[in-house]
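J.: My structure is below; once you've seen it, I'll send some questions.
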Amino acid sequence: MEPITPTTPATPAAAATPTAPATPVFTPELNAAQAETMAAWIREDVVKGRLTSDQAEQAFNELNTPVENRTDNRSEAAVELDNAGYAPAKPEEYVIHYGVEEQTPELKQFDTAARTWLHGAAFPRELGNSLVTTIGRVTQQTAKMSPDQLVEYGQREMVKLQKTYGDSLGEKMVAANRMIHALEERQPGLKQLLQSKGIGDNAIVASLLIGQAERYWARWRG
């Protein structure tokens, strides 16, 4: 009888390794502010030629952007100003303190007008607040000045402006006055405010208005 050659026992097949379930991919839901920010980027890219109209339309559809929010009517100059931090604030975003607990009807009316002027001039929030704060300080400083003292105050402030702007002061003041006139036509009372208590004479107030006038006319000229 031939010897039986032992056979190597077969290696049992390895158990199949269970496959981990695929990690679900979530598309985060955007809140209204985030969606509007992305829509603003799309509008800007269209203005700068980085997106075609068809590409923008597809992106807007994915964001469910309302039709009225898909067109950017800003000029290129306005886009550049906004991107540089000079975007106009909304009227309610300016901080104006009056030192009273409750506003009278007259004060509420003035507050509405003041916010209208700031927004109409396209002041960004911080610069608008700076103008408001400066005006408050000027009124405290000049509150007890006589008419003659106010004249002298205005002369001293004009010297400061001349040192700052030199020969260009006249041209810059003309541009600022044109802006003030445009704002006055929409909401009367601004000229009267600036002509009272030396407010418009103050060098800082004047400089803030001069600087904003340059951006104002650049924005609307495009």
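By order in the structure tokens, chains are A, B, ...; within a chain, residues start at 1; ligands start at 1, following the order shown.
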Which residues, written as a PDB file with all heavy atoms, in the first residue's frame, have at least one atom at most 12 Å from Glu126 of chain A, with only C-alpha atoms counted and residues fewer than 6 positions away on the same chain left out?

T.:
```
ATOM      1  N   GLY A  85     -13.027  99.932   1.129  1.00  0.00           N
ATOM      2  CA  GLY A  85     -13.527 100.225   2.466  1.00  0.00           C
ATOM      3  C   GLY A  85     -14.373 101.477   2.556  1.00  0.00           C
ATOM      4  O   GLY A  85     -14.659 101.953   3.659  1.00  0.00           O
ATOM      5  N   TYR A  86     -14.781 102.019   1.407  1.00  0.00           N
ATOM      6  CA  TYR A  86     -15.573 103.251   1.403  1.00  0.00           C
ATOM      7  C   TYR A  86     -17.020 103.010   0.983  1.00  0.00           C
ATOM      8  O   TYR A  86     -17.675 103.917   0.464  1.00  0.00           O
ATOM      9  CB  TYR A  86     -14.929 104.287   0.477  1.00  0.00           C
ATOM     10  CG  TYR A  86     -13.578 104.761   0.961  1.00  0.00           C
ATOM     11  CD1 TYR A  86     -12.411 104.376   0.309  1.00  0.00           C
ATOM     12  CD2 TYR A  86     -13.473 105.575   2.079  1.00  0.00           C
ATOM     13  CE1 TYR A  86     -11.166 104.800   0.757  1.00  0.00           C
ATOM     14  CE2 TYR A  86     -12.238 106.008   2.534  1.00  0.00           C
ATOM     15  CZ  TYR A  86     -11.090 105.617   1.869  1.00  0.00           C
ATOM     16  OH  TYR A  86      -9.861 106.035   2.323  1.00  0.00           O
ATOM     17  N   ALA A  87     -17.520 101.814   1.218  1.00  0.00           N
ATOM     18  CA  ALA A  87     -18.918 101.531   0.881  1.00  0.00           C
ATOM     19  C   ALA A  87     -19.840 102.356   1.770  1.00  0.00           C
ATOM     20  O   ALA A  87     -19.612 102.466   2.980  1.00  0.00           O
ATOM     21  CB  ALA A  87     -19.210 100.046   1.064  1.00  0.00           C
ATOM     22  N   PRO A  88     -20.881 102.959   1.206  1.00  0.00           N
ATOM     23  CA  PRO A  88     -21.795 103.770   2.026  1.00  0.00           C
ATOM     24  C   PRO A  88     -22.513 102.911   3.059  1.00  0.00           C
ATOM     25  O   PRO A  88     -22.904 101.780   2.782  1.00  0.00           O
ATOM     26  CB  PRO A  88     -22.793 104.329   1.000  1.00  0.00           C
ATOM     27  CG  PRO A  88     -22.179 104.092  -0.338  1.00  0.00           C
ATOM     28  CD  PRO A  88     -21.273 102.925  -0.208  1.00  0.00           C
ATOM     29  N   ALA A  89     -22.665 103.463   4.248  1.00  0.00           N
ATOM     30  CA  ALA A  89     -23.433 102.769   5.282  1.00  0.00           C
ATOM     31  C   ALA A  89     -24.918 103.026   5.063  1.00  0.00           C
ATOM     32  O   ALA A  89     -25.309 103.977   4.381  1.00  0.00           O
ATOM     33  CB  ALA A  89     -23.013 103.256   6.664  1.00  0.00           C
ATOM     34  N   LYS A  90     -25.736 102.177   5.637  1.00  0.00           N
ATOM     35  CA  LYS A  90     -27.174 102.416   5.622  1.00  0.00           C
ATOM     36  C   LYS A  90     -27.489 103.532   6.626  1.00  0.00           C
ATOM     37  O   LYS A  90     -26.752 103.709   7.602  1.00  0.00           O
ATOM     38  CB  LYS A  90     -27.923 101.143   5.998  1.00  0.00           C
ATOM     39  CG  LYS A  90     -27.719  99.997   5.019  1.00  0.00           C
ATOM     40  CD  LYS A  90     -28.439  98.749   5.493  1.00  0.00           C
ATOM     41  CE  LYS A  90     -28.200  97.589   4.531  1.00  0.00           C
ATOM     42  NZ  LYS A  90     -28.854  96.338   4.995  1.00  0.00           N
ATOM     43  N   GLU A  93     -27.236 102.764  10.289  1.00  0.00           N
ATOM     44  CA  GLU A  93     -25.969 102.257  10.814  1.00  0.00           C
ATOM     45  C   GLU A  93     -25.089 103.345  11.426  1.00  0.00           C
ATOM     46  O   GLU A  93     -24.139 103.035  12.143  1.00  0.00           O
ATOM     47  CB  GLU A  93     -25.201 101.534   9.700  1.00  0.00           C
ATOM     48  CG  GLU A  93     -25.864 100.239   9.256  1.00  0.00           C
ATOM     49  CD  GLU A  93     -25.141  99.564   8.107  1.00  0.00           C
ATOM     50  OE1 GLU A  93     -24.442 100.256   7.337  1.00  0.00           O
ATOM     51  OE2 GLU A  93     -25.284  98.335   7.968  1.00  0.00           O
ATOM     52  N   TYR A  94     -25.387 104.595  11.146  1.00  0.00           N
ATOM     53  CA  TYR A  94     -24.593 105.673  11.735  1.00  0.00           C
ATOM     54  C   TYR A  94     -24.954 105.821  13.215  1.00  0.00           C
ATOM     55  O   TYR A  94     -26.111 105.662  13.608  1.00  0.00           O
ATOM     56  CB  TYR A  94     -24.843 106.990  11.003  1.00  0.00           C
ATOM     57  CG  TYR A  94     -24.489 106.948   9.536  1.00  0.00           C
ATOM     58  CD1 TYR A  94     -25.481 106.988   8.563  1.00  0.00           C
ATOM     59  CD2 TYR A  94     -23.166 106.851   9.118  1.00  0.00           C
ATOM     60  CE1 TYR A  94     -25.167 106.940   7.208  1.00  0.00           C
ATOM     61  CE2 TYR A  94     -22.843 106.800   7.765  1.00  0.00           C
ATOM     62  CZ  TYR A  94     -23.852 106.843   6.823  1.00  0.00           C
ATOM     63  OH  TYR A  94     -23.539 106.787   5.485  1.00  0.00           O
ATOM     64  N   VAL A  95     -23.949 106.127  14.022  1.00  0.00           N
ATOM     65  CA  VAL A  95     -24.153 106.268  15.469  1.00  0.00           C
ATOM     66  C   VAL A  95     -24.216 107.754  15.810  1.00  0.00           C
ATOM     67  O   VAL A  95     -23.230 108.480  15.657  1.00  0.00           O
ATOM     68  CB  VAL A  95     -23.019 105.590  16.257  1.00  0.00           C
ATOM     69  CG1 VAL A  95     -23.234 105.777  17.754  1.00  0.00           C
ATOM     70  CG2 VAL A  95     -22.930 104.111  15.904  1.00  0.00           C
ATOM     71  N   ILE A  96     -25.384 108.192  16.267  1.00  0.00           N
ATOM     72  CA  ILE A  96     -25.575 109.598  16.618  1.00  0.00           C
ATOM     73  C   ILE A  96     -26.159 109.660  18.026  1.00  0.00           C
ATOM     74  O   ILE A  96     -27.245 109.127  18.277  1.00  0.00           O
ATOM     75  CB  ILE A  96     -26.523 110.313  15.635  1.00  0.00           C
ATOM     76  CG1 ILE A  96     -26.033 110.126  14.186  1.00  0.00           C
ATOM     77  CG2 ILE A  96     -26.622 111.795  15.969  1.00  0.00           C
ATOM     78  CD1 ILE A  96     -26.951 110.743  13.147  1.00  0.00           C
ATOM     79  N   LEU A 118     -25.889 111.928   5.575  1.00  0.00           N
ATOM     80  CA  LEU A 118     -24.714 111.054   5.628  1.00  0.00           C
ATOM     81  C   LEU A 118     -24.786 109.969   4.558  1.00  0.00           C
ATOM     82  O   LEU A 118     -23.810 109.703   3.850  1.00  0.00           O
ATOM     83  CB  LEU A 118     -24.596 110.417   7.017  1.00  0.00           C
ATOM     84  CG  LEU A 118     -24.220 111.361   8.164  1.00  0.00           C
ATOM     85  CD1 LEU A 118     -24.441 110.678   9.507  1.00  0.00           C
ATOM     86  CD2 LEU A 118     -22.769 111.820   8.033  1.00  0.00           C
ATOM     87  N   VAL A 132     -19.918 113.059  12.701  1.00  0.00           N
ATOM     88  CA  VAL A 132     -20.927 113.341  13.729  1.00  0.00           C
ATOM     89  C   VAL A 132     -20.257 113.700  15.054  1.00  0.00           C
ATOM     90  O   VAL A 132     -20.632 114.676  15.717  1.00  0.00           O
ATOM     91  CB  VAL A 132     -21.856 112.121  13.911  1.00  0.00           C
ATOM     92  CG1 VAL A 132     -22.731 112.290  15.152  1.00  0.00           C
ATOM     93  CG2 VAL A 132     -22.726 111.925  12.675  1.00  0.00           C
ATOM     94  N   THR A 133     -19.254 112.922  15.444  1.00  0.00           N
ATOM     95  CA  THR A 133     -18.554 113.172  16.707  1.00  0.00           C
ATOM     96  C   THR A 133     -17.857 114.527  16.693  1.00  0.00           C
ATOM     97  O   THR A 133     -17.898 115.280  17.675  1.00  0.00           O
ATOM     98  CB  THR A 133     -17.519 112.062  16.968  1.00  0.00           C
ATOM     99  OG1 THR A 133     -18.194 110.794  17.030  1.00  0.00           O
ATOM    100  CG2 THR A 133     -16.780 112.301  18.274  1.00  0.00           C
ATOM    101  N   LEU A 208     -13.149 116.497   6.378  1.00  0.00           N
ATOM    102  CA  LEU A 208     -13.969 115.298   6.168  1.00  0.00           C
ATOM    103  C   LEU A 208     -14.916 115.491   4.987  1.00  0.00           C
ATOM    104  O   LEU A 208     -15.129 114.573   4.189  1.00  0.00           O
ATOM    105  CB  LEU A 208     -14.754 114.977   7.441  1.00  0.00           C
ATOM    106  CG  LEU A 208     -13.941 114.385   8.597  1.00  0.00           C
ATOM    107  CD1 LEU A 208     -14.756 114.381   9.887  1.00  0.00           C
ATOM    108  CD2 LEU A 208     -13.480 112.968   8.260  1.00  0.00           C
TER     109      LEU A 208
END
```

J.: Run DSSP on the backbone and tell me which residues of chain A come out as helix (DSSP H, G or I); list them as a ChimeraX atom specification.

T.: /A:32-47,53-63,67-69,76-86,91-93,105-120,125-142,147-186,190-194,203-221

J.: Considering only C-alpha atoms, return as a VMD selection string whatever protein or nucleic-acid residues lie within 10 Å of Arg219 of chain A, sequence-local ones (same chain, fewer than 5 positions apart) excluded.

T.: chain A and resid 74 to 82 122 213 to 214

J.: Write the selection just made, keeping all heavy atoms, as an mmCIF file, in the first residue's frame?

T.:
```
data_model
loop_
_atom_site.group_PDB
_atom_site.id
_atom_site.type_symbol
_atom_site.label_atom_id
_atom_site.label_comp_id
_atom_site.auth_asym_id
_atom_site.auth_seq_id
_atom_site.Cartn_x
_atom_site.Cartn_y
_atom_site.Cartn_z
ATOM 1 N N ARG A 74 -23.505 99.544 -10.170
ATOM 2 C CA ARG A 74 -22.414 100.423 -9.752
ATOM 3 C C ARG A 74 -21.418 100.628 -10.888
ATOM 4 O O ARG A 74 -21.176 99.729 -11.689
ATOM 5 C CB ARG A 74 -21.677 99.827 -8.552
ATOM 6 C CG ARG A 74 -22.483 99.733 -7.280
ATOM 7 C CD ARG A 74 -21.664 99.060 -6.190
ATOM 8 N NE ARG A 74 -21.252 97.716 -6.584
ATOM 9 C CZ ARG A 74 -20.325 97.005 -5.945
ATOM 10 N NH1 ARG A 74 -19.707 97.514 -4.906
ATOM 11 N NH2 ARG A 74 -20.019 95.787 -6.355
ATOM 12 N N SER A 75 -20.832 101.814 -10.914
ATOM 13 C CA SER A 75 -19.762 102.065 -11.869
ATOM 14 C C SER A 75 -18.499 101.355 -11.390
ATOM 15 O O SER A 75 -18.405 100.913 -10.234
ATOM 16 C CB SER A 75 -19.495 103.568 -11.981
ATOM 17 O OG SER A 75 -18.991 104.067 -10.744
ATOM 18 N N GLU A 76 -17.520 101.260 -12.268
ATOM 19 C CA GLU A 76 -16.258 100.630 -11.874
ATOM 20 C C GLU A 76 -15.599 101.411 -10.741
ATOM 21 O O GLU A 76 -15.017 100.824 -9.822
ATOM 22 C CB GLU A 76 -15.314 100.545 -13.077
ATOM 23 C CG GLU A 76 -14.034 99.776 -12.787
ATOM 24 C CD GLU A 76 -13.190 99.546 -14.020
ATOM 25 O OE1 GLU A 76 -13.707 99.739 -15.137
ATOM 26 O OE2 GLU A 76 -12.014 99.172 -13.872
ATOM 27 N N ALA A 77 -15.718 102.746 -10.794
ATOM 28 C CA ALA A 77 -15.146 103.576 -9.728
ATOM 29 C C ALA A 77 -15.834 103.292 -8.399
ATOM 30 O O ALA A 77 -15.182 103.226 -7.348
ATOM 31 C CB ALA A 77 -15.280 105.051 -10.083
ATOM 32 N N ALA A 78 -17.155 103.107 -8.438
ATOM 33 C CA ALA A 78 -17.892 102.811 -7.209
ATOM 34 C C ALA A 78 -17.485 101.460 -6.641
ATOM 35 O O ALA A 78 -17.343 101.301 -5.423
ATOM 36 C CB ALA A 78 -19.392 102.840 -7.482
ATOM 37 N N VAL A 79 -17.289 100.489 -7.514
ATOM 38 C CA VAL A 79 -16.850 99.162 -7.066
ATOM 39 C C VAL A 79 -15.487 99.258 -6.389
ATOM 40 O O VAL A 79 -15.254 98.670 -5.324
ATOM 41 C CB VAL A 79 -16.790 98.177 -8.253
ATOM 42 C CG1 VAL A 79 -16.131 96.866 -7.834
ATOM 43 C CG2 VAL A 79 -18.188 97.905 -8.791
ATOM 44 N N GLU A 80 -14.588 100.018 -6.988
ATOM 45 C CA GLU A 80 -13.248 100.174 -6.410
ATOM 46 C C GLU A 80 -13.317 100.859 -5.050
ATOM 47 O O GLU A 80 -12.618 100.466 -4.107
ATOM 48 C CB GLU A 80 -12.361 100.971 -7.369
ATOM 49 C CG GLU A 80 -12.002 100.219 -8.648
ATOM 50 C CD GLU A 80 -11.149 101.041 -9.587
ATOM 51 O OE1 GLU A 80 -10.866 102.219 -9.246
ATOM 52 O OE2 GLU A 80 -10.764 100.525 -10.652
ATOM 53 N N LEU A 81 -14.162 101.878 -4.937
ATOM 54 C CA LEU A 81 -14.308 102.570 -3.655
ATOM 55 C C LEU A 81 -14.879 101.640 -2.593
ATOM 56 O O LEU A 81 -14.405 101.611 -1.446
ATOM 57 C CB LEU A 81 -15.216 103.789 -3.825
ATOM 58 C CG LEU A 81 -14.595 105.008 -4.513
ATOM 59 C CD1 LEU A 81 -15.674 106.019 -4.877
ATOM 60 C CD2 LEU A 81 -13.546 105.658 -3.614
ATOM 61 N N ASP A 82 -15.890 100.875 -2.964
ATOM 62 C CA ASP A 82 -16.506 99.954 -2.008
ATOM 63 C C ASP A 82 -15.505 98.901 -1.545
ATOM 64 O O ASP A 82 -15.438 98.568 -0.359
ATOM 65 C CB ASP A 82 -17.725 99.278 -2.638
ATOM 66 C CG ASP A 82 -18.873 100.254 -2.868
ATOM 67 O OD1 ASP A 82 -18.791 101.388 -2.358
ATOM 68 O OD2 ASP A 82 -19.830 99.887 -3.565
ATOM 69 N N ALA A 122 -22.833 109.292 0.758
ATOM 70 C CA ALA A 122 -22.152 107.991 0.632
ATOM 71 C C ALA A 122 -21.035 107.826 1.656
ATOM 72 O O ALA A 122 -20.025 107.175 1.388
ATOM 73 C CB ALA A 122 -21.621 107.786 -0.782
ATOM 74 N N ALA A 213 -16.279 114.522 -0.592
ATOM 75 C CA ALA A 213 -16.708 115.088 -1.877
ATOM 76 C C ALA A 213 -15.896 114.502 -3.026
ATOM 77 O O ALA A 213 -16.438 114.228 -4.109
ATOM 78 C CB ALA A 213 -16.572 116.609 -1.853
ATOM 79 N N GLU A 214 -14.607 114.287 -2.806
ATOM 80 C CA GLU A 214 -13.779 113.685 -3.855
ATOM 81 C C GLU A 214 -14.285 112.292 -4.207
ATOM 82 O O GLU A 214 -14.388 111.926 -5.386
ATOM 83 C CB GLU A 214 -12.325 113.626 -3.390
ATOM 84 C CG GLU A 214 -11.668 114.994 -3.258
ATOM 85 C CD GLU A 214 -10.247 114.912 -2.731
ATOM 86 O OE1 GLU A 214 -9.821 113.799 -2.347
ATOM 87 O OE2 GLU A 214 -9.563 115.953 -2.705
#
```

J.: Looking at only C-alpha atoms, which of A:Ala121, A:Val100, A:Val151, A:Leu63 is the one that sits closest to Trp220 of chain A?

T.: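 Under the stated criterion, the closest residue is A:Ala121.
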
J.: Skipping near chain neighbours, those fewer than 5 positions away, what residues fall within 10 Å of segment 164-172 of chain A using only C-alpha atoms, listed as a ChimeraX atom specification?

T.: /A:158-159,177-178,203,206-207,209-211,213-214

J.: Please save all heavy atoms of the selected residues as a CSV table (one decimal), in the first residue's frame.

T.:
```csv
chain,number,residue,atom,x,y,z
A,158,MET,N,-9.5,128.5,9.0
A,158,MET,CA,-9.1,128.6,7.6
A,158,MET,C,-7.6,128.6,7.4
A,158,MET,O,-7.1,128.0,6.4
A,158,MET,CB,-9.7,129.9,7.0
A,158,MET,CG,-9.3,130.2,5.6
A,158,MET,SD,-9.9,128.9,4.4
A,158,MET,CE,-11.7,129.2,4.4
A,159,VAL,N,-6.9,129.2,8.3
A,159,VAL,CA,-5.4,129.1,8.2
A,159,VAL,C,-4.9,127.6,8.2
A,159,VAL,O,-4.0,127.2,7.5
A,159,VAL,CB,-4.8,129.9,9.4
A,159,VAL,CG1,-3.3,129.7,9.4
A,159,VAL,CG2,-5.1,131.4,9.2
A,177,ASN,N,-18.7,122.1,-1.7
A,177,ASN,CA,-19.9,122.9,-1.7
A,177,ASN,C,-20.9,122.4,-2.7
A,177,ASN,O,-22.1,122.4,-2.5
A,177,ASN,CB,-19.6,124.4,-2.0
A,177,ASN,CG,-19.0,125.0,-0.8
A,177,ASN,OD1,-19.3,124.7,0.4
A,177,ASN,ND2,-18.1,126.0,-1.0
A,178,ARG,N,-20.5,121.9,-3.9
A,178,ARG,CA,-21.4,121.3,-4.8
A,178,ARG,C,-22.1,120.1,-4.3
A,178,ARG,O,-23.3,119.8,-4.5
A,178,ARG,CB,-20.6,120.9,-6.1
A,178,ARG,CG,-20.2,122.1,-7.0
A,178,ARG,CD,-19.4,121.7,-8.2
A,178,ARG,NE,-20.1,120.7,-8.9
A,178,ARG,CZ,-19.5,119.6,-9.4
A,178,ARG,NH1,-18.2,119.3,-9.2
A,178,ARG,NH2,-20.2,118.7,-10.1
A,203,ALA,N,-11.8,123.0,10.8
A,203,ALA,CA,-10.9,122.4,9.8
A,203,ALA,C,-11.1,120.9,9.7
A,203,ALA,O,-11.0,120.4,8.6
A,203,ALA,CB,-9.5,122.7,10.3
A,206,ALA,N,-14.4,120.4,7.8
A,206,ALA,CA,-14.2,120.8,6.4
A,206,ALA,C,-13.4,119.7,5.7
A,206,ALA,O,-13.7,119.4,4.5
A,206,ALA,CB,-13.5,122.1,6.3
A,207,SER,N,-12.4,119.2,6.3
A,207,SER,CA,-11.5,118.2,5.7
A,207,SER,C,-12.3,116.9,5.4
A,207,SER,O,-12.1,116.2,4.4
A,207,SER,CB,-10.3,117.9,6.6
A,207,SER,OG,-9.4,119.0,6.6
A,209,LEU,N,-15.5,116.7,4.9
A,209,LEU,CA,-16.4,117.0,3.7
A,209,LEU,C,-15.6,117.0,2.4
A,209,LEU,O,-16.1,116.6,1.4
A,209,LEU,CB,-17.1,118.3,4.0
A,209,LEU,CG,-18.2,118.2,5.1
A,209,LEU,CD1,-18.7,119.6,5.4
A,209,LEU,CD2,-19.3,117.3,4.8
A,210,ILE,N,-14.4,117.6,2.4
A,210,ILE,CA,-13.6,117.7,1.2
A,210,ILE,C,-13.2,116.3,0.8
A,210,ILE,O,-13.4,116.0,-0.4
A,210,ILE,CB,-12.3,118.5,1.5
A,210,ILE,CG1,-12.7,120.0,1.6
A,210,ILE,CG2,-11.3,118.3,0.4
A,210,ILE,CD1,-11.5,120.9,2.0
A,211,GLY,N,-12.8,115.4,1.7
A,211,GLY,CA,-12.4,114.1,1.3
A,211,GLY,C,-13.6,113.3,0.8
A,211,GLY,O,-13.5,112.5,-0.2
A,213,ALA,N,-16.3,114.5,-0.6
A,213,ALA,CA,-16.7,115.1,-1.9
A,213,ALA,C,-15.9,114.5,-3.0
A,213,ALA,O,-16.4,114.2,-4.1
A,213,ALA,CB,-16.6,116.6,-1.9
A,214,GLU,N,-14.6,114.3,-2.8
A,214,GLU,CA,-13.8,113.7,-3.9
A,214,GLU,C,-14.3,112.3,-4.2
A,214,GLU,O,-14.4,111.9,-5.4
A,214,GLU,CB,-12.3,113.6,-3.4
A,214,GLU,CG,-11.7,115.0,-3.3
A,214,GLU,CD,-10.2,114.9,-2.7
A,214,GLU,OE1,-9.8,113.8,-2.3
A,214,GLU,OE2,-9.6,116.0,-2.7
```

J.: Between atom CA of Gln34 of chain A and atom CA of Asn61 of chain A, what is the distance in Å, rounded to a tenth?

T.: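 That distance, rounded to one decimal, is 15.2 Å.
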
J.: Kindly indicate which residue among A:Gln195, A:Glu157, A:Asn31, A:Ala40 lies nearest to Phe60 of chain A, using only C-alpha atoms for the distances.

T.: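 Closest candidate: A:Ala40.
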
J.: Determine the nearest neighbour of Leu131 of chain A from the options A:Ala35, A:Ala56, A:Ala114, A:Ala175, counting only C-alpha atoms.

T.: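 Residue with the minimum atom-to-atom distance to Leu131 of chain A: A:Ala114.
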
J.: Just to confirm, what's the straight-line distance from atom CA of Pro91 of chain A to atom CA of Thr116 of chain A in Å (one decimal)?

T.: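 Computing the Euclidean distance for atom CA of Pro91 of chain A and atom CA of Thr116 of chain A yields 6.3 Å.
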
J.: Report, in Å to a single decimal, how far apart atom CA of Asp201 of chain A and atom CA of Glu106 of chain A are.

T.: 25.2 Å
